[in-house]
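**Student:** Below is a structure I'd like to ask you about.
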Amino acid sequence: MAAEKNPFTPGFGQVPPFLAGRSYVVQNVVDAFENGPGDPNLTTIFTGARGTGKTTLLTLLADKGRERGWVTARVSAVPGMLEEILQQAMRSAGKLEDKHSGIRLTSIDVGPVSAAWEYRDGSAVQAVPTWRTRLETLLDELEGKGLGLIISVDELQADFDEMVQLASTYQHLVGERRRVSLLMAGLPYQVSRVLNDKSISFLRRASRCQLGRIADADIRTALAETVERGGKQIEPDALDAAVAAIGGFPFLMQLVGYRMWTQAEGDVIDIAAAQRGVERAREEMRSNILEVTYDELSEGDLSFVEAMLEDDGPSRISDIRERMGKSTGYVAQYRRRLLEEGVIGERGRGLVDFELPGWRDFARAKLGE
């Protein structure tokens, strides 16, 4: 089979041919689409560090939903989000054919319109429908055709008024057993801030999925199958080198795979091509993920990181506390912050280690400047 175009997808939010290590997560939500109202996984929040595949997962689930008779509205948590949800939903509805009747929805009008009433004396009253009313009108139209609505919100933010309005409206829709799903994704610390907002406490009952590292065995399988699907072969030692460099990180898997593919001469990825690809991928990982994450850390975060750099593997919290010369409570605060940022992960009772591939060497270089 002749080699096709590069099958790896390191671009933002693109769905790869093989999504390593996420089949259980995907199946839970797909089952919820099949089950309909009442399934808890219809309301799910995905969290994880940059590059763990949150946006890709939302994209894939939107595709899966459309295949099962759900209209999708995919937005980011930015001003104008609520109106964008309505516009995206109507656009999606216009493209989705009801699999049962074969009827294609070509027009749904949800406003802005007005409704008219009269006082007893005959004078007119004009009422402009709220966003909730317009959304319910849309749902009425969809449900009449046997369709549901998936609202997908990426890059969750705290202190965002439109998020409060969305959560409040969605809570009522769930209580009314409307055919609606809310899938959200964000960095762990942003998700925590959103869930701590008392005005949207309903979301604390959402299913939560922490996206972390993927097992090396799953990375190996996905890499090999993606290469083969694209029409090339990868030598065993090249595959070993790639898996070791990726460290279970989804974005790095796509990036390493993409760069190895471009470095290969002919239809076989050998160890030389793999090494060149890994080196280029590491440079991009540094600029796209590590630098951005580092710039967001506070002095206290960096002090915690620096205390961990004395170890070449997992660090004991007791050792970190001694090196920082701080109280248990102070250290616990920054441990929690770094866990939420996805910079570190737990490795057993009282142990933590860095989650981001290449972070140890990167941090040593930065803090040694």
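Residues are named by chain letter and number: chains run A, B, ... in the order of the structure tokens, numbers start at 1 in each chain, and ligands are numbered from 1 in the order shown.
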List the neighbours of A:Gly248 out to 6 Å using only C-alpha atoms; skip same-chain residues closer than 3 positions along the sequence, and give me the result as a ChimeraX atom specification.
**Tutor:** /A:213-216
**Student:** Set out as JSON lines a contact list for stretch 203-240 of chain A and stretch 328-352 of chain A with a cut-off of 12 Å, giving each residue of stretch 203-240 of chain A that qualifies its closest atom pair and distance in Å to one decimal, counting only C-alpha atoms, ordered by chain and rising residue number.
**Tutor:**
```
{"residue": "A:Gln210", "atom": "CA", "partner": "A:Gly342", "partner_atom": "CA", "distance": 9.8}
{"residue": "A:Leu211", "atom": "CA", "partner": "A:Gly342", "partner_atom": "CA", "distance": 9.5}
{"residue": "A:Gly212", "atom": "CA", "partner": "A:Gly342", "partner_atom": "CA", "distance": 8.2}
{"residue": "A:Arg213", "atom": "CA", "partner": "A:Gly345", "partner_atom": "CA", "distance": 9.7}
```
**Student:** Quick one: residues within 10 Å of A:Gly175, only C-alpha atoms, excluding same-chain residues fewer than 5 positions away - as an MDAnalysis selection string?
**Tutor:** chainID A and resid 37:38 170
**Student:** What are the DSSP alpha helix (DSSP H) residues of stretch 59-267 of chain A, as a VMD selection string?
**Tutor:** chain A and resid 59 to 67 81 to 95 131 to 144 161 to 175 188 to 195 216 to 229 236 to 246 250 to 263
**Student:** Could you name the residues that touch stretch 198-205 of chain A at 10 Å or less, counting only C-alpha atoms, but leaving out those on the same chain fewer than 5 positions away, as a ChimeraX atom specification?
**Tutor:** /A:40,43-45,161,163-168,170-171,182,192
**Student:** Could you turn the residues from that selection into a file that holds all heavy atoms, as a compact mmCIF listing (two decimals), in the first residue's frame?
**Tutor:**
```txt
# COMPACT_ATOMS: atom_id res chain seq x y z
N PRO A 40 -26.61 10.10 33.83
CA PRO A 40 -25.75 11.14 34.43
C PRO A 40 -24.61 11.59 33.54
O PRO A 40 -24.12 12.72 33.69
CB PRO A 40 -25.22 10.46 35.71
CG PRO A 40 -25.36 8.99 35.46
CD PRO A 40 -26.58 8.85 34.61
N THR A 43 -24.23 14.97 31.38
CA THR A 43 -23.59 16.18 31.91
C THR A 43 -22.21 15.79 32.40
O THR A 43 -22.07 15.17 33.45
CB THR A 43 -24.41 16.77 33.07
OG1 THR A 43 -25.78 16.86 32.71
CG2 THR A 43 -23.89 18.15 33.45
N THR A 44 -21.18 16.11 31.62
CA THR A 44 -19.82 15.66 31.94
C THR A 44 -18.84 16.81 31.78
O THR A 44 -18.92 17.59 30.83
CB THR A 44 -19.39 14.50 31.03
OG1 THR A 44 -20.27 13.38 31.23
CG2 THR A 44 -17.97 14.05 31.35
N ILE A 45 -17.92 16.89 32.73
CA ILE A 45 -16.84 17.89 32.69
C ILE A 45 -15.51 17.15 32.53
O ILE A 45 -15.18 16.28 33.34
CB ILE A 45 -16.80 18.74 33.97
CG1 ILE A 45 -18.14 19.45 34.18
CG2 ILE A 45 -15.67 19.76 33.89
CD1 ILE A 45 -18.20 20.23 35.48
N ASP A 161 -20.46 35.52 33.57
CA ASP A 161 -21.91 35.62 33.77
C ASP A 161 -22.70 34.68 32.87
O ASP A 161 -23.71 34.10 33.28
CB ASP A 161 -22.37 37.06 33.57
CG ASP A 161 -21.90 37.98 34.68
OD1 ASP A 161 -21.53 37.47 35.75
OD2 ASP A 161 -21.88 39.21 34.47
N MET A 163 -21.88 31.83 31.77
CA MET A 163 -21.79 30.46 32.25
C MET A 163 -22.81 30.22 33.36
O MET A 163 -23.43 29.15 33.44
CB MET A 163 -20.36 30.19 32.78
CG MET A 163 -20.09 28.73 33.06
SD MET A 163 -20.04 27.72 31.56
CE MET A 163 -21.10 26.36 32.06
N VAL A 164 -23.01 31.23 34.20
CA VAL A 164 -24.01 31.13 35.27
C VAL A 164 -25.41 30.98 34.67
O VAL A 164 -26.20 30.14 35.11
CB VAL A 164 -23.96 32.37 36.18
CG1 VAL A 164 -25.09 32.34 37.21
CG2 VAL A 164 -22.60 32.46 36.89
N GLN A 165 -25.70 31.76 33.64
CA GLN A 165 -27.02 31.69 33.01
C GLN A 165 -27.22 30.35 32.32
O GLN A 165 -28.32 29.76 32.40
CB GLN A 165 -27.19 32.83 32.01
CG GLN A 165 -28.61 32.91 31.43
CD GLN A 165 -28.81 34.14 30.55
OE1 GLN A 165 -27.96 35.03 30.49
NE2 GLN A 165 -29.92 34.18 29.85
N LEU A 166 -26.19 29.86 31.65
CA LEU A 166 -26.29 28.57 30.99
C LEU A 166 -26.55 27.46 32.00
O LEU A 166 -27.43 26.61 31.82
CB LEU A 166 -25.01 28.27 30.21
CG LEU A 166 -24.90 26.85 29.62
CD1 LEU A 166 -26.04 26.57 28.64
CD2 LEU A 166 -23.55 26.65 28.93
N ALA A 167 -25.78 27.44 33.10
CA ALA A 167 -25.94 26.39 34.11
C ALA A 167 -27.33 26.43 34.74
O ALA A 167 -27.95 25.39 34.97
CB ALA A 167 -24.87 26.54 35.18
N SER A 168 -27.82 27.64 35.01
CA SER A 168 -29.14 27.79 35.61
C SER A 168 -30.24 27.26 34.69
O SER A 168 -31.13 26.51 35.11
CB SER A 168 -29.40 29.26 35.95
OG SER A 168 -30.71 29.45 36.44
N TYR A 170 -29.84 25.17 32.16
CA TYR A 170 -29.64 23.73 31.94
C TYR A 170 -30.21 22.91 33.10
O TYR A 170 -30.79 21.84 32.89
CB TYR A 170 -28.15 23.44 31.75
CG TYR A 170 -27.86 21.98 31.48
CD1 TYR A 170 -28.13 21.42 30.24
CD2 TYR A 170 -27.31 21.16 32.46
CE1 TYR A 170 -27.87 20.08 29.98
CE2 TYR A 170 -27.05 19.83 32.22
CZ TYR A 170 -27.34 19.29 30.98
OH TYR A 170 -27.08 17.96 30.73
N GLN A 171 -30.05 23.42 34.31
CA GLN A 171 -30.59 22.72 35.47
C GLN A 171 -32.11 22.52 35.34
O GLN A 171 -32.64 21.45 35.62
CB GLN A 171 -30.27 23.49 36.75
CG GLN A 171 -30.82 22.83 38.01
CD GLN A 171 -30.42 23.58 39.27
OE1 GLN A 171 -29.76 24.62 39.20
NE2 GLN A 171 -30.81 23.07 40.42
N LEU A 182 -24.90 18.51 28.24
CA LEU A 182 -23.91 19.58 28.42
C LEU A 182 -22.55 18.95 28.68
O LEU A 182 -22.33 18.30 29.71
CB LEU A 182 -24.31 20.48 29.59
CG LEU A 182 -23.36 21.64 29.92
CD1 LEU A 182 -23.20 22.58 28.72
CD2 LEU A 182 -23.86 22.42 31.14
N SER A 192 -12.12 23.97 38.81
CA SER A 192 -12.32 24.06 40.26
C SER A 192 -12.95 25.38 40.64
O SER A 192 -13.86 25.44 41.49
CB SER A 192 -10.98 23.89 40.99
OG SER A 192 -10.48 22.59 40.82
```
**Student:** Which residues, written as a PDB file with N, CA, C and O atoms, in the first residue's frame, have at least one atom at most 6 Å from A:Ala238, with only C-alpha atoms counted and residues fewer than 5 positions away on the same chain left out?
**Tutor:**
```pdb
ATOM      1  N   ASP A 270      12.600   4.500  10.343  1.00  0.00           N
ATOM      2  CA  ASP A 270      13.667   3.806  11.068  1.00  0.00           C
ATOM      3  C   ASP A 270      14.063   4.608  12.298  1.00  0.00           C
ATOM      4  O   ASP A 270      13.497   5.664  12.583  1.00  0.00           O
ATOM      5  N   ILE A 271      15.057   4.127  13.043  1.00  0.00           N
ATOM      6  CA  ILE A 271      15.447   4.765  14.296  1.00  0.00           C
ATOM      7  C   ILE A 271      15.978   6.176  14.059  1.00  0.00           C
ATOM      8  O   ILE A 271      15.728   7.089  14.865  1.00  0.00           O
ATOM      9  N   ALA A 274      13.034   8.425  13.581  1.00  0.00           N
ATOM     10  CA  ALA A 274      12.346   8.577  14.865  1.00  0.00           C
ATOM     11  C   ALA A 274      13.084   9.562  15.763  1.00  0.00           C
ATOM     12  O   ALA A 274      12.469  10.427  16.398  1.00  0.00           O
TER      13      ALA A 274
END
```
**Student:** To one decimal place in Å, what is the distance between atom CA of A:Phe304 and atom CA of A:Arg286?
**Tutor:** 20.3 Å
**Student:** When distances are computed from only C-alpha atoms, which of A:Leu86, A:Ile219, A:Gln263, A:Trp359 shows the smallest separation from A:Glu291?
**Tutor:** A:Trp359
